[in-house]
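**Student:** Just passing along the structure, written as structure tokens.
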Amino acid sequence: MSAEQPGASPVAGASPVPDGAAPVLRVGTRGSDLALAQSGQIAGRVAGEDRVELVRVRTHGDVDRTSPLAQIGGTGVFVTAVREALLGGEVDAVVHSAKDLPTAPVPGIVMACVPEREDPRDALCARDGLTLGTLPQGAKVGTGSPRRAAQLRRARPDLEVVGIRGNVETRLARALGEDADLDAVVLAAAGLLRLGRSEVISELLSPDVLLPAPAQGALAVECAETSAGAWFESGMRAADHAPTRAAVAAERSLLRTLEAGCSAPVGALGTVTGSGSGSGSGSDGADDASEGTVLTLRGLAISEDGTQVFEGTRSTPVDLADPAALEADAVRLGQDLAADLLEAGAARVLSTAGGDAAS
């Protein structure tokens, strides 16, 4: 792991804070365009753009850009190094794509903020604006995700699904570049939207076709437990979004109970409906909470070839105004749905190797 100061940018590269000056939130981040964009956006909401310093952390997943993620440790390879920087006191917070986070808790680290979720769907980026339904017979579609690959094969068994890796632009070029060798690629819509690249999306794929990865589209801000009471704590609370936190907790609980990590084709999507599910900040959402607020979780485990599918749905009433009860209810919902899937036989497909690409 190595940490280095970023080059000049509107947010990054802040100099050390002189005595008496306003404090600066040091945010550890990977150096990819997407990581820098989402870290800067969220940190700016928490502390204000003029009080943020982005500290780039080089991870093993950034060094090895060619090996399949499953061979180098799954998406967790993008998380370990920035967490080490946090525990080492090099940074005050780290911003993760929540779907990249291993489900096991880490001593000394707390999830301080889960901002409102971006679009959780997968996006098809195809030549000539083609959709999943209009891709020609035998079309080549690229993805680094076993979950996406399996569901693509389920929807269109005729497609040739090709494994790919690389940053967003590298993957897009495989379908949309001058030397494109694929007909389409599938990426997380959230990453494209955060990068301002919505124009490359030819179709947003319904969860009925491709159920997203657990926590896809959500971000998670982690801090050290020792930062409790820090000057940025109120900003974290204000940026937290209770409905998103509940949905993410349920999805990650399902994944953890299935003991699948990011190595098996598992999809999950939680949604909060009712009078307390407004799109404001966590505190606003909690103030609006009342009877009738329901958390619904959909889950899926699928074989690599898309022929064996185990899926289900469960719901539970929740109180967004009670964080402890909300977390407990969400976790229990994920556990109960996972139990349903396992009872149906999902264990047969959970040993599949692989791992979602980073976006």
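Labels for the structure tokens follow display order: chains A, B, ..., residues from 1 in each chain, ligands from 1.
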Give me the residues within 8 Å of Gly31 of chain A as JSON, numbers by chain, counting only C-alpha atoms and dropping any in the same chain fewer than 5 places off.
**Tutor:** {"A": [36, 56, 57, 58]}
**Student:** From a DSSP calculation on the backbone, collect every residue of segment 101-339 of chain A in strand (DSSP E or B) and output the set as a PyMOL selection string.
**Tutor:** chain A and resi 109-113+122-126+140-143+160-163+184-188+203-205+219-224+266-273+294-302+309-317
**Student:** Rounded to one decimal place, report the atom CA of Leu205 of chain A-atom CA of Thr29 of chain A distance in Å.
**Tutor:** 28.8 Å
**Student:** Mind checking which residues fall within 8 Å of Leu124 of chain A, counting only C-alpha atoms, ignoring those fewer than 5 positions away in the same chain, and posting them as JSON, numbers by chain?
**Tutor:** {"A": [131, 132, 184, 185, 186, 187, 201, 202, 203, 204, 205]}
**Student:** Keeping only N, CA, C and O atoms, write those residues as a PDB file, in the first residue's frame.
**Tutor:**
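Wrote again28.pdb, looks like this:
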```pdb
ATOM      1  N   THR A 131     -30.142  -2.344 -28.154  1.00  0.00           N
ATOM      2  CA  THR A 131     -30.610  -2.751 -26.844  1.00  0.00           C
ATOM      3  C   THR A 131     -30.368  -4.251 -26.675  1.00  0.00           C
ATOM      4  O   THR A 131     -29.971  -4.945 -27.624  1.00  0.00           O
ATOM      5  N   LEU A 132     -30.614  -4.753 -25.467  1.00  0.00           N
ATOM      6  CA  LEU A 132     -30.426  -6.178 -25.236  1.00  0.00           C
ATOM      7  C   LEU A 132     -31.307  -6.999 -26.169  1.00  0.00           C
ATOM      8  O   LEU A 132     -30.903  -8.053 -26.660  1.00  0.00           O
ATOM      9  N   ALA A 184     -21.131  -4.868 -27.366  1.00  0.00           N
ATOM     10  CA  ALA A 184     -21.650  -4.131 -26.212  1.00  0.00           C
ATOM     11  C   ALA A 184     -20.846  -4.495 -24.976  1.00  0.00           C
ATOM     12  O   ALA A 184     -20.175  -5.529 -24.941  1.00  0.00           O
ATOM     13  N   VAL A 185     -20.932  -3.644 -23.978  1.00  0.00           N
ATOM     14  CA  VAL A 185     -20.406  -3.947 -22.649  1.00  0.00           C
ATOM     15  C   VAL A 185     -21.486  -3.576 -21.642  1.00  0.00           C
ATOM     16  O   VAL A 185     -22.367  -2.757 -21.930  1.00  0.00           O
ATOM     17  N   VAL A 186     -21.416  -4.186 -20.459  1.00  0.00           N
ATOM     18  CA  VAL A 186     -22.358  -3.877 -19.387  1.00  0.00           C
ATOM     19  C   VAL A 186     -21.578  -3.336 -18.201  1.00  0.00           C
ATOM     20  O   VAL A 186     -20.621  -3.964 -17.743  1.00  0.00           O
ATOM     21  N   LEU A 187     -21.972  -2.160 -17.727  1.00  0.00           N
ATOM     22  CA  LEU A 187     -21.343  -1.516 -16.580  1.00  0.00           C
ATOM     23  C   LEU A 187     -22.430  -1.051 -15.630  1.00  0.00           C
ATOM     24  O   LEU A 187     -23.615  -0.986 -15.997  1.00  0.00           O
ATOM     25  N   ILE A 201     -24.938   5.232 -22.619  1.00  0.00           N
ATOM     26  CA  ILE A 201     -25.895   4.193 -22.222  1.00  0.00           C
ATOM     27  C   ILE A 201     -26.942   4.015 -23.309  1.00  0.00           C
ATOM     28  O   ILE A 201     -27.668   4.949 -23.652  1.00  0.00           O
ATOM     29  N   SER A 202     -27.020   2.821 -23.861  1.00  0.00           N
ATOM     30  CA  SER A 202     -28.051   2.549 -24.861  1.00  0.00           C
ATOM     31  C   SER A 202     -29.305   1.955 -24.233  1.00  0.00           C
ATOM     32  O   SER A 202     -30.393   2.059 -24.797  1.00  0.00           O
ATOM     33  N   GLU A 203     -29.149   1.346 -23.039  1.00  0.00           N
ATOM     34  CA  GLU A 203     -30.322   0.812 -22.332  1.00  0.00           C
ATOM     35  C   GLU A 203     -29.989   0.625 -20.861  1.00  0.00           C
ATOM     36  O   GLU A 203     -28.941   0.078 -20.518  1.00  0.00           O
ATOM     37  N   LEU A 204     -30.890   1.096 -19.994  1.00  0.00           N
ATOM     38  CA  LEU A 204     -30.808   0.786 -18.568  1.00  0.00           C
ATOM     39  C   LEU A 204     -31.591  -0.503 -18.358  1.00  0.00           C
ATOM     40  O   LEU A 204     -32.791  -0.573 -18.645  1.00  0.00           O
ATOM     41  N   LEU A 205     -30.917  -1.522 -17.869  1.00  0.00           N
ATOM     42  CA  LEU A 205     -31.504  -2.851 -17.799  1.00  0.00           C
ATOM     43  C   LEU A 205     -32.350  -3.009 -16.540  1.00  0.00           C
ATOM     44  O   LEU A 205     -31.882  -2.775 -15.424  1.00  0.00           O
TER      45      LEU A 205
END
```
**Student:** Using only C-alpha atoms, which of A:Asp340, A:Asp319, A:Asp240, A:Asp179 sits nearest Glu116 of chain A?
**Tutor:** A:Asp240
**Student:** Name the residues of segment 139-216 of chain A that fall into alpha helix (DSSP H) according to DSSP on the backbone, using the chain letters and numbers of this document, as number ranges by chain.
**Tutor:** A: 146-155, 168-176, 189-194
**Student:** Taking only C-alpha atoms into account, which of A:Val294, A:Ala123, A:Leu219, A:Met236 comes nearest Gly44 of chain A?
**Tutor:**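 The shortest atom-to-atom distance to Gly44 of chain A comes from A:Met236.
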**Student:** Here is a test: counting only C-alpha atoms, which residue of A:Leu297, A:Val161, A:Leu54, A:Leu193 is nearest to Asp122 of chain A?
**Tutor:** A:Leu193
**Student:** Would you mind reading off the distance between atom CA of Asp128 of chain A and atom CA of Gly166 of chain A, one decimal, in Å?
**Tutor:**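 That distance, rounded to one decimal, is 22.5 Å.
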**Student:** To one decimal in Å, tell me the separation between atom CA of Val331 of chain A and atom CA of Ala112 of chain A.
**Tutor:**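 Pair atom CA of Val331 of chain A / atom CA of Ala112 of chain A returns 17.3 Å.
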**Student:** Go through A:Glu199, A:Ala249, A:Ser32, A:Gly133 one by one, measure the shortest atom-to-atom distance of each to Thr170 of chain A using only C-alpha atoms, and give the residue with the smallest value.
**Tutor:**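 Of A:Glu199, A:Ala249, A:Ser32, A:Gly133, the one nearest Thr170 of chain A is A:Ser32, counting only C-alpha atoms.
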